[in-house]
Every structure is written in structure tokens, then in C-alpha cells.
>>> print(open('coords.cif').read())   # mmCIF, C-alpha atoms, pLDDT in the B column; chains and numbers go by the auth columns
data_query
#
loop_
_atom_site.group_PDB
_atom_site.id
_atom_site.type_symbol
_atom_site.label_atom_id
_atom_site.label_comp_id
_atom_site.label_asym_id
_atom_site.label_seq_id
_atom_site.Cartn_x
_atom_site.Cartn_y
_atom_site.Cartn_z
_atom_site.B_iso_or_equiv
_atom_site.auth_seq_id
_atom_site.auth_asym_id
ATOM 1 C CA GLY A 1 52.117 110.192 100.949 82.00 41 Z
ATOM 2 C CA ASN A 2 52.437 108.061 104.051 87.00 42 Z
ATOM 3 C CA SER A 3 51.398 109.341 107.446 91.00 43 Z
ATOM 4 C CA VAL A 4 50.775 108.134 110.977 95.00 44 Z
ATOM 5 C CA THR A 5 48.369 109.772 113.404 95.00 45 Z
ATOM 6 C CA GLN A 6 48.564 109.155 117.127 94.00 46 Z
ATOM 7 C CA MET A 7 46.189 110.330 119.812 87.00 47 Z
ATOM 8 C CA GLU A 8 47.141 113.513 121.599 84.00 48 Z
ATOM 9 C CA GLY A 9 49.036 113.244 124.844 85.00 49 Z
ATOM 10 C CA PRO A 10 50.396 113.248 127.412 94.00 50 Z
ATOM 11 C CA VAL A 11 48.784 110.326 129.204 95.00 51 Z
ATOM 12 C CA THR A 12 49.027 109.843 132.959 97.00 52 Z
ATOM 13 C CA LEU A 13 47.873 106.587 134.552 97.00 53 Z
ATOM 14 C CA SER A 14 48.069 104.911 137.907 97.00 54 Z
ATOM 15 C CA GLU A 15 50.041 101.711 138.232 97.00 55 Z
ATOM 16 C CA GLU A 16 48.076 98.608 137.133 96.00 56 Z
ATOM 17 C CA ALA A 17 45.683 100.662 134.993 97.00 57 Z
ATOM 18 C CA PHE A 18 44.732 99.569 131.470 97.00 58 Z
ATOM 19 C CA LEU A 19 46.478 101.377 128.638 97.00 59 Z
ATOM 20 C CA THR A 20 45.290 102.097 125.120 97.00 60 Z
ATOM 21 C CA ILE A 21 47.186 104.371 122.741 97.00 61 Z
ATOM 22 C CA ASN A 22 45.458 104.901 119.432 96.00 62 Z
ATOM 23 C CA CYS A 23 47.281 104.908 116.111 97.00 63 Z
ATOM 24 C CA THR A 24 45.900 105.158 112.584 97.00 64 Z
ATOM 25 C CA TYR A 25 47.778 105.357 109.319 96.00 65 Z
ATOM 26 C CA THR A 26 47.560 106.155 105.633 94.00 66 Z
ATOM 27 C CA ALA A 27 49.962 104.508 103.248 90.00 67 Z
ATOM 28 C CA THR A 28 50.530 103.626 99.630 80.00 68 Z
ATOM 29 C CA GLY A 29 51.150 99.951 99.201 77.00 69 Z
ATOM 30 C CA TYR A 30 51.046 97.448 101.996 82.00 70 Z
ATOM 31 C CA PRO A 31 52.913 98.791 105.036 89.00 71 Z
ATOM 32 C CA SER A 32 54.515 97.090 107.990 90.00 72 Z
ATOM 33 C CA LEU A 33 53.540 98.653 111.323 93.00 73 Z
ATOM 34 C CA PHE A 34 55.575 99.217 114.473 94.00 74 Z
ATOM 35 C CA TRP A 35 55.560 100.602 117.945 96.00 75 Z
ATOM 36 C CA TYR A 36 58.801 102.106 119.202 95.00 76 Z
ATOM 37 C CA VAL A 37 59.488 103.179 122.792 96.00 77 Z
ATOM 38 C CA GLN A 38 61.890 105.864 123.965 92.00 78 Z
ATOM 39 C CA TYR A 39 62.813 105.738 127.650 92.00 79 Z
ATOM 40 C CA PRO A 40 64.065 108.975 129.221 87.00 80 Z
ATOM 41 C CA GLY A 41 67.495 109.945 127.907 81.00 81 Z
ATOM 42 C CA GLU A 42 67.725 106.977 125.541 84.00 82 Z
ATOM 43 C CA GLY A 43 67.311 106.186 121.866 86.00 83 Z
ATOM 44 C CA LEU A 44 64.345 104.394 120.361 89.00 84 Z
ATOM 45 C CA GLN A 45 63.792 100.693 120.797 91.00 85 Z
ATOM 46 C CA LEU A 46 61.484 98.518 118.774 93.00 86 Z
ATOM 47 C CA LEU A 47 58.664 97.395 121.061 96.00 87 Z
ATOM 48 C CA LEU A 48 56.629 95.289 118.656 96.00 88 Z
ATOM 49 C CA LYS A 49 55.742 94.939 115.011 93.00 89 Z
ATOM 50 C CA ALA A 50 53.201 93.447 112.606 94.00 90 Z
ATOM 51 C CA THR A 51 53.855 92.932 108.930 89.00 91 Z
ATOM 52 C CA LYS A 52 50.460 91.857 107.575 89.00 92 Z
ATOM 53 C CA ALA A 53 46.761 92.320 108.240 91.00 93 Z
ATOM 54 C CA ASP A 54 45.392 90.659 111.396 94.00 94 Z
ATOM 55 C CA ASP A 55 48.891 90.020 112.739 94.00 95 Z
ATOM 56 C CA LYS A 56 49.237 90.719 116.448 97.00 96 Z
ATOM 57 C CA GLY A 57 52.564 92.030 117.674 96.00 97 Z
ATOM 58 C CA SER A 58 53.343 91.531 121.357 97.00 98 Z
ATOM 59 C CA ASN A 59 56.212 92.185 123.746 96.00 99 Z
ATOM 60 C CA LYS A 60 56.621 92.953 127.472 95.00 100 Z
ATOM 61 C CA GLY A 61 52.862 92.698 127.999 97.00 101 Z
ATOM 62 C CA PHE A 62 52.086 95.178 125.212 98.00 102 Z
ATOM 63 C CA GLU A 63 49.980 94.147 122.215 98.00 103 Z
ATOM 64 C CA ALA A 64 48.828 95.699 118.962 98.00 104 Z
ATOM 65 C CA THR A 65 46.819 94.198 116.109 98.00 105 Z
ATOM 66 C CA TYR A 66 47.197 95.257 112.472 96.00 106 Z
ATOM 67 C CA ARG A 67 43.674 96.204 111.349 96.00 107 Z
ATOM 68 C CA LYS A 68 43.624 96.852 107.617 93.00 108 Z
ATOM 69 C CA GLU A 69 39.892 97.590 107.499 94.00 109 Z
ATOM 70 C CA THR A 70 40.217 100.439 109.983 95.00 110 Z
ATOM 71 C CA THR A 71 43.866 101.281 109.116 95.00 111 Z
ATOM 72 C CA SER A 72 44.727 101.113 112.792 97.00 112 Z
ATOM 73 C CA PHE A 73 47.398 99.668 115.073 97.00 113 Z
ATOM 74 C CA HIS A 74 46.362 100.557 118.612 98.00 114 Z
ATOM 75 C CA LEU A 75 48.740 99.745 121.463 98.00 115 Z
ATOM 76 C CA GLU A 76 47.329 98.098 124.605 98.00 116 Z
ATOM 77 C CA LYS A 77 48.597 96.821 127.917 98.00 117 Z
ATOM 78 C CA GLY A 78 46.439 95.311 130.599 97.00 118 Z
ATOM 79 C CA SER A 79 48.363 96.565 133.627 96.00 119 Z
ATOM 80 C CA VAL A 80 50.971 99.310 133.318 97.00 120 Z
ATOM 81 C CA GLN A 81 53.971 99.699 135.588 97.00 121 Z
ATOM 82 C CA VAL A 82 55.985 102.747 136.611 96.00 122 Z
ATOM 83 C CA SER A 83 58.803 101.407 134.452 96.00 123 Z
ATOM 84 C CA ASP A 84 56.568 101.783 131.370 97.00 124 Z
ATOM 85 C CA SER A 85 56.831 105.565 131.623 97.00 125 Z
ATOM 86 C CA ALA A 86 58.292 106.610 128.271 96.00 126 Z
ATOM 87 C CA VAL A 87 57.449 108.129 124.914 94.00 127 Z
ATOM 88 C CA TYR A 88 55.675 105.762 122.515 96.00 128 Z
ATOM 89 C CA PHE A 89 55.861 106.125 118.745 95.00 129 Z
ATOM 90 C CA CYS A 90 53.699 104.421 116.172 96.00 130 Z
ATOM 91 C CA ALA A 91 55.459 104.028 112.828 93.00 131 Z
ATOM 92 C CA LEU A 92 55.064 102.450 109.436 91.00 132 Z
ATOM 93 C CA SER A 93 57.347 101.297 106.697 87.00 133 Z
ATOM 94 C CA ALA A 94 55.796 101.093 103.258 78.00 134 Z
ATOM 95 C CA PRO A 95 57.384 99.702 100.092 71.00 135 Z
ATOM 96 C CA PRO A 96 59.998 99.992 98.768 67.00 136 Z
ATOM 97 C CA THR A 97 61.690 97.551 101.099 67.00 137 Z
ATOM 98 C CA GLY A 98 65.318 96.786 101.793 67.00 138 Z
ATOM 99 C CA ALA A 99 67.819 99.610 101.778 64.00 139 Z
ATOM 100 C CA ASN A 100 65.246 102.016 100.365 69.00 140 Z
ATOM 101 C CA SER A 101 62.791 101.536 103.199 74.00 141 Z
ATOM 102 C CA LYS A 102 62.217 104.329 105.663 80.00 142 Z
ATOM 103 C CA LEU A 103 60.158 104.723 108.793 86.00 143 Z
ATOM 104 C CA THR A 104 57.359 107.275 108.987 90.00 144 Z
ATOM 105 C CA PHE A 105 56.632 108.129 112.609 92.00 145 Z
ATOM 106 C CA GLY A 106 53.631 109.492 114.431 93.00 146 Z
ATOM 107 C CA LYS A 107 54.165 112.423 116.784 91.00 147 Z
ATOM 108 C CA GLY A 108 54.767 110.268 119.818 92.00 148 Z
ATOM 109 C CA ILE A 109 52.879 110.247 123.077 94.00 149 Z
ATOM 110 C CA THR A 110 54.349 110.588 126.548 95.00 150 Z
ATOM 111 C CA LEU A 111 53.087 108.075 129.099 97.00 151 Z
ATOM 112 C CA SER A 112 53.617 108.721 132.798 97.00 152 Z
ATOM 113 C CA VAL A 113 52.663 106.014 135.285 97.00 153 Z
ATOM 114 C CA ARG A 114 52.164 106.995 138.926 96.00 154 Z
ATOM 115 C CA PRO A 115 52.927 104.510 141.728 94.00 155 Z
ATOM 116 C CA ASP B 1 79.468 96.174 123.098 64.00 8 W
ATOM 117 C CA THR B 2 77.303 99.156 122.090 68.00 9 W
ATOM 118 C CA ALA B 3 75.447 98.451 118.842 89.00 10 W
ATOM 119 C CA VAL B 4 74.954 101.980 117.501 94.00 11 W
ATOM 120 C CA SER B 5 76.974 104.750 119.115 94.00 12 W
ATOM 121 C CA GLN B 6 77.007 108.485 118.567 95.00 13 W
ATOM 122 C CA THR B 7 79.371 111.244 119.610 96.00 14 W
ATOM 123 C CA PRO B 8 78.997 113.672 121.144 96.00 15 W
ATOM 124 C CA LYS B 9 75.961 113.093 123.336 94.00 16 W
ATOM 125 C CA TYR B 10 75.475 116.819 123.863 96.00 17 W
ATOM 126 C CA LEU B 11 76.599 119.664 121.629 97.00 18 W
ATOM 127 C CA VAL B 12 76.098 123.334 122.462 97.00 19 W
ATOM 128 C CA THR B 13 77.291 125.874 119.928 97.00 20 W
ATOM 129 C CA GLN B 14 76.743 129.347 118.544 97.00 21 W
ATOM 130 C CA MET B 15 74.746 130.283 115.457 97.00 22 W
ATOM 131 C CA GLY B 16 76.870 130.316 112.336 97.00 23 W
ATOM 132 C CA ASN B 17 79.308 127.653 113.501 97.00 24 W
ATOM 133 C CA ASP B 18 80.042 124.393 111.688 97.00 25 W
ATOM 134 C CA LYS B 19 79.792 121.141 113.628 97.00 26 W
ATOM 135 C CA SER B 20 79.877 117.384 113.082 97.00 27 W
ATOM 136 C CA ILE B 21 78.154 114.444 114.730 97.00 28 W
ATOM 137 C CA LYS B 22 79.629 110.974 114.376 97.00 29 W
ATOM 138 C CA CYS B 23 77.874 107.621 114.264 97.00 30 W
ATOM 139 C CA GLU B 24 79.297 104.124 114.317 96.00 31 W
ATOM 140 C CA GLN B 25 77.596 100.724 114.272 96.00 32 W
ATOM 141 C CA ASN B 26 79.199 97.387 115.037 95.00 33 W
ATOM 142 C CA LEU B 27 76.268 95.267 113.869 93.00 34 W
ATOM 143 C CA GLY B 28 77.671 94.590 110.408 92.00 35 W
ATOM 144 C CA HIS B 29 74.722 96.422 108.848 91.00 36 W
ATOM 145 C CA ASP B 30 74.820 97.838 105.343 89.00 37 W
ATOM 146 C CA THR B 31 72.325 100.677 105.784 91.00 38 W
ATOM 147 C CA MET B 32 72.552 103.691 108.085 93.00 39 W
ATOM 148 C CA TYR B 33 70.199 106.586 108.703 93.00 40 W
ATOM 149 C CA TRP B 34 69.978 110.022 110.272 95.00 41 W
ATOM 150 C CA TYR B 35 66.740 111.168 111.916 94.00 42 W
ATOM 151 C CA LYS B 36 65.896 114.527 113.468 94.00 43 W
ATOM 152 C CA GLN B 37 63.661 114.788 116.545 91.00 44 W
ATOM 153 C CA ASP B 38 62.319 118.269 117.191 90.00 45 W
ATOM 154 C CA SER B 39 61.311 119.851 120.479 87.00 46 W
ATOM 155 C CA LYS B 40 57.843 118.302 120.222 84.00 47 W
ATOM 156 C CA LYS B 41 59.390 114.819 119.898 83.00 48 W
ATOM 157 C CA PHE B 42 58.423 114.555 116.215 87.00 49 W
ATOM 158 C CA LEU B 43 60.841 112.251 114.385 90.00 50 W
ATOM 159 C CA LYS B 44 61.637 112.608 110.716 90.00 51 W
ATOM 160 C CA ILE B 45 64.134 110.861 108.490 91.00 52 W
ATOM 161 C CA MET B 46 66.860 113.019 106.959 93.00 53 W
ATOM 162 C CA PHE B 47 69.192 110.665 105.083 90.00 54 W
ATOM 163 C CA SER B 48 70.021 107.043 104.544 89.00 55 W
ATOM 164 C CA TYR B 49 73.137 105.412 103.145 89.00 56 W
ATOM 165 C CA ASN B 50 73.627 101.884 101.884 87.00 57 W
ATOM 166 C CA ASN B 51 77.180 100.619 101.521 85.00 58 W
ATOM 167 C CA LYS B 52 78.480 104.212 101.573 83.00 59 W
ATOM 168 C CA GLU B 53 76.035 105.324 98.891 87.00 60 W
ATOM 169 C CA LEU B 54 73.312 107.939 99.484 87.00 61 W
ATOM 170 C CA ILE B 55 69.874 106.349 99.137 85.00 62 W
ATOM 171 C CA ILE B 56 67.393 108.719 100.806 83.00 63 W
ATOM 172 C CA ASN B 57 67.665 112.503 101.007 84.00 64 W
ATOM 173 C CA GLU B 58 64.508 114.019 102.439 85.00 65 W
ATOM 174 C CA THR B 59 64.618 117.645 101.276 74.00 66 W
ATOM 175 C CA VAL B 60 67.084 118.599 103.966 84.00 67 W
ATOM 176 C CA PRO B 61 68.857 121.980 103.579 89.00 68 W
ATOM 177 C CA ASN B 62 72.203 121.580 101.862 90.00 69 W
ATOM 178 C CA ARG B 63 73.890 122.942 104.987 94.00 70 W
ATOM 179 C CA PHE B 64 73.549 119.339 106.167 94.00 71 W
ATOM 180 C CA SER B 65 76.032 116.988 104.547 93.00 72 W
ATOM 181 C CA PRO B 66 76.249 113.340 105.513 92.00 73 W
ATOM 182 C CA LYS B 67 79.456 111.441 104.887 92.00 74 W
ATOM 183 C CA SER B 68 80.010 107.705 105.054 92.00 75 W
ATOM 184 C CA PRO B 69 83.733 106.807 105.058 91.00 76 W
ATOM 185 C CA ASP B 70 82.827 103.116 105.328 91.00 77 W
ATOM 186 C CA LYS B 71 79.635 101.185 105.893 88.00 78 W
ATOM 187 C CA ALA B 72 80.109 101.140 109.677 94.00 79 W
ATOM 188 C CA HIS B 73 80.210 104.929 109.939 95.00 80 W
ATOM 189 C CA LEU B 74 77.851 107.720 108.967 95.00 81 W
ATOM 190 C CA ASN B 75 78.750 111.231 110.039 95.00 82 W
ATOM 191 C CA LEU B 76 76.625 114.349 109.804 96.00 83 W
ATOM 192 C CA HIS B 77 78.249 117.703 109.155 96.00 84 W
ATOM 193 C CA ILE B 78 76.222 120.876 109.586 96.00 85 W
ATOM 194 C CA ASN B 79 77.410 124.226 108.218 96.00 86 W
ATOM 195 C CA SER B 80 76.290 127.677 109.328 97.00 87 W
ATOM 196 C CA LEU B 81 74.172 126.415 112.211 96.00 88 W
ATOM 197 C CA GLU B 82 70.805 128.080 112.773 96.00 89 W
ATOM 198 C CA LEU B 83 68.569 128.248 115.824 96.00 90 W
ATOM 199 C CA GLY B 84 66.090 125.915 114.125 93.00 91 W
ATOM 200 C CA ASP B 85 68.719 123.196 113.918 95.00 92 W
ATOM 201 C CA SER B 86 68.382 122.672 117.670 96.00 93 W
ATOM 202 C CA ALA B 87 67.060 119.133 118.037 96.00 94 W
ATOM 203 C CA VAL B 88 68.039 115.609 118.957 94.00 95 W
ATOM 204 C CA TYR B 89 69.684 113.783 116.063 96.00 96 W
ATOM 205 C CA PHE B 90 69.436 109.999 115.988 95.00 97 W
ATOM 206 C CA CYS B 91 71.526 107.638 113.959 95.00 98 W
ATOM 207 C CA ALA B 92 70.126 104.205 113.085 94.00 99 W
ATOM 208 C CA SER B 93 71.213 101.162 111.126 92.00 100 W
ATOM 209 C CA SER B 94 69.640 98.103 109.511 89.00 101 W
ATOM 210 C CA THR B 95 70.695 95.178 107.381 83.00 102 W
ATOM 211 C CA GLY B 96 69.060 96.714 104.305 72.00 103 W
ATOM 212 C CA LEU B 97 68.228 93.300 102.875 70.00 104 W
ATOM 213 C CA ALA B 98 66.207 93.556 99.680 63.00 105 W
ATOM 214 C CA GLY B 99 62.598 92.520 99.494 62.00 106 W
ATOM 215 C CA ARG B 100 61.773 92.839 103.159 66.00 107 W
ATOM 216 C CA TRP B 101 61.501 95.256 106.015 70.00 108 W
ATOM 217 C CA ASN B 102 64.581 95.294 108.224 76.00 109 W
ATOM 218 C CA GLU B 103 64.526 96.387 111.858 82.00 110 W
ATOM 219 C CA GLN B 104 66.263 99.666 112.473 87.00 111 W
ATOM 220 C CA PHE B 105 68.486 99.948 115.539 90.00 112 W
ATOM 221 C CA PHE B 106 68.850 103.420 116.985 92.00 113 W
ATOM 222 C CA GLY B 107 71.717 105.168 118.694 93.00 114 W
ATOM 223 C CA PRO B 108 71.271 107.124 121.949 91.00 115 W
ATOM 224 C CA GLY B 109 70.952 110.469 120.168 93.00 116 W
ATOM 225 C CA THR B 110 72.922 113.718 120.090 96.00 117 W
ATOM 226 C CA ARG B 111 71.227 116.739 121.606 95.00 118 W
ATOM 227 C CA LEU B 112 72.277 119.801 119.599 97.00 119 W
ATOM 228 C CA THR B 113 71.571 123.233 121.062 97.00 120 W
ATOM 229 C CA VAL B 114 72.257 126.297 118.935 97.00 121 W
ATOM 230 C CA LEU B 115 72.462 129.577 120.867 96.00 122 W
#
>>> encode(input="coords.cif", output="C-alpha cells")
Amino acid sequence: GNSVTQMEGPVTLSEEAFLTINCTYTATGYPSLFWYVQYPGEGLQLLLKATKADDKGSNKGFEATYRKETTSFHLEKGSVQVSDSAVYFCALSAPPTGANSKLTFGKGITLSVRP
Amino acid sequence: DTAVSQTPKYLVTQMGNDKSIKCEQNLGHDTMYWYKQDSKKFLKIMFSYNNKELIINETVPNRFSPKSPDKAHLNLHINSLELGDSAVYFCASSTGLAGRWNEQFFGPGTRLTVL
């Protein structure tokens, strides 16, 4: 079956530090990969996505590259801000597509950024 | 102008009771989902509906019964609540277009506490 593995958390960084959150996956078929973010007290929001190998998803200074050879989709940001404090989920969606598609999530990692 | 809304936001109830959570989306989407997030933030799909028809049912106890009166609404009814049902329940929706992955938009969640 499909699965997503994220590094263990929580992660605490100082403002302007470099962030890497590791994510690896196993999937049947050719998945699309995503990072979702959950700010305190809110639902999930799509942060970025990549739908084929070597694609780079980017948004709000965050980036992740779809690496088929290492089955990875690590999230990076060069300089984190206090407002980036949230829970980050790596997820995949493998065929079938359309109405039958479903997201498989990693366990999520809590990021806290200190001023 | 909320895209995906859920009611109630918080629900505290006794073991053995029956309760419902409601979800509505005004995005014109055809597909709706229920996800459960446990105390460790792990997210797992429960159900999905497409045009009022059940598509995905992920081995959820039959005490949980989703109902979709129309494609803009997907409600979740839970009978004989147990302590282990305590979680945050998220509703989501997507276009469900065939042959592609469709972004899922999440509601703010309903925090259910069973005492």
C-alpha cells in the first residue's frame, strides 16, 4: 500500500534559520506529492505540490523537489519566520485519479520558530 | 464567503451518545471527504462521496454513517460514541475531475471530545 514517512518532530528553530523537513514515500503507480500546512486552530491548506519527477513545487519561500530515484519530497525554506510556526504534512495521491483519488498523509511535524 | 464550513467547531459529549457533524462547501465541487485526525495529529481518510454517491469507505466502524443530501453537503453521523472517537474531524472537497489529481480544500475541523 501507499505510505508517507516524515522525520520525527517537533522542530524548534530561531527566526531566519534554514529549514529542512524530510519526507519519503512508497506508492504503487506514479503519485503526485504535496505539502500541507496546518496553522494553529485551522484546517489544512495546500502549501505546494509536484506531479511528476524532478518537478519543484514552491510557495511562500518554501520549496520541495520530487525525487523519484530517492522517493523523497523534502521541504526546505532558506529563512523561516515566526509566522511559519505550524504543523506540516507531507502527502501523496496515487492513482486512481479523479473522484477516486485520496490523500495519504505522513504523521505531520510541528515547527516552532522563536523570535 | 467560506469555502468549506463545518458545524459545530467543538463537540463535547458522553460515551454512548449519538451525534452529527455537518459539512457544507460552496465551491461547486462534486467530491467531498471526511478525514479523522487523532491526538498525535495523524490524518486518515474515512469516506469520500462523489455526486452524493459513496466512493471511498476506509474500514471505518459502521457506527459512523456519512450522508450526502446533495453534492454541497456531507454530514457525518456517529452512533454509540466511544472514548476512542475523540479526535478532530475534517471535511474536504475537490472537483473530482477524472484523469487528474484535484486539489482538496479543507474545512476548519470539528474537535470531538467523548467523556
>>> residues_near_point(input="coords.cif", point="(80.1, 107.0, 108.9)", cutoff="9 Å", atoms="only C-alpha atoms", output="short mmCIF file (atom, residue, chain, number, x, y, z; two decimals) with C-alpha atoms, keeping the file's coordinate frame")
data_model
loop_
_atom_site.label_atom_id
_atom_site.label_comp_id
_atom_site.auth_asym_id
_atom_site.auth_seq_id
_atom_site.Cartn_x
_atom_site.Cartn_y
_atom_site.Cartn_z
CA LYS W 29 79.63 110.97 114.38
CA CYS W 30 77.87 107.62 114.26
CA GLU W 31 79.30 104.12 114.32
CA GLN W 32 77.60 100.72 114.27
CA MET W 39 72.55 103.69 108.08
CA LYS W 59 78.48 104.21 101.57
CA PRO W 73 76.25 113.34 105.51
CA LYS W 74 79.46 111.44 104.89
CA SER W 75 80.01 107.70 105.05
CA PRO W 76 83.73 106.81 105.06
CA ASP W 77 82.83 103.12 105.33
CA LYS W 78 79.64 101.18 105.89
CA ALA W 79 80.11 101.14 109.68
CA HIS W 80 80.21 104.93 109.94
CA LEU W 81 77.85 107.72 108.97
CA ASN W 82 78.75 111.23 110.04
CA LEU W 83 76.62 114.35 109.80
#
>>> interface_residues(input="coords.cif", of="chain W", to="chain Z", cutoff="9 Å", atoms="all atoms listed in the file", output="number ranges by chain")
W: 37-40, 47-52, 55-57, 62-63, 97, 101-116
>>> resolve_selection(input="coords.cif", expression="the PyMOL selection byres ((chain W and resi 96) around 8)", output="PyMOL selection string")
chain W and resi 41-44+94-95+97-98+116-119
>>> resolve_selection(input="coords.cif", expression="the PyMOL selection byres ((chain Z and resi 110) around 12)", output="list of chain:residue names")
Z:Asn62, Z:Cys63, Z:Thr64, Z:Tyr65, Z:Thr66, Z:Ala93, Z:Asp94, Z:Thr105, Z:Tyr106, Z:Arg107, Z:Lys108, Z:Glu109, Z:Thr111, Z:Ser112, Z:Phe113, Z:His114
>>> atom_distance(input="coords.cif", atom1="CA of Ser123 (chain Z)", atom2="CA of Ser98 (chain Z)")
17.3 Å
>>> atom_distance(input="coords.cif", atom1="CA of Gly101 (chain Z)", atom2="CA of Tyr70 (chain Z)")
26.5 Å
>>> axis_aligned_box(input="coords.cif", around="region 48-59 of chain Z", padding_each_side="8 Å", output="AutoDock Vina command-line options")
--center_x 47.6 --center_y 106.1 --center_z 129.9 --size_x 21.7 --size_y 30.9 --size_z 32.6
>>> atom_distance(input="coords.cif", atom1="CA of Val121 (chain W)", atom2="CA of Val67 (chain W)")
17.6 Å
>>> resolve_selection(input="coords.cif", expression="the PyMOL selection byres ((chain W and resi 85) around 7)", output="ChimeraX atom specification")
/W:25-27,70-72,83-84,86-88
>>> closest_residue(input="coords.cif", among="W:Asn64, W:Ser46, W:Ser93, W:Ser100", to="Val19 (chain W)", atoms="only C-alpha atoms")
W:Ser93
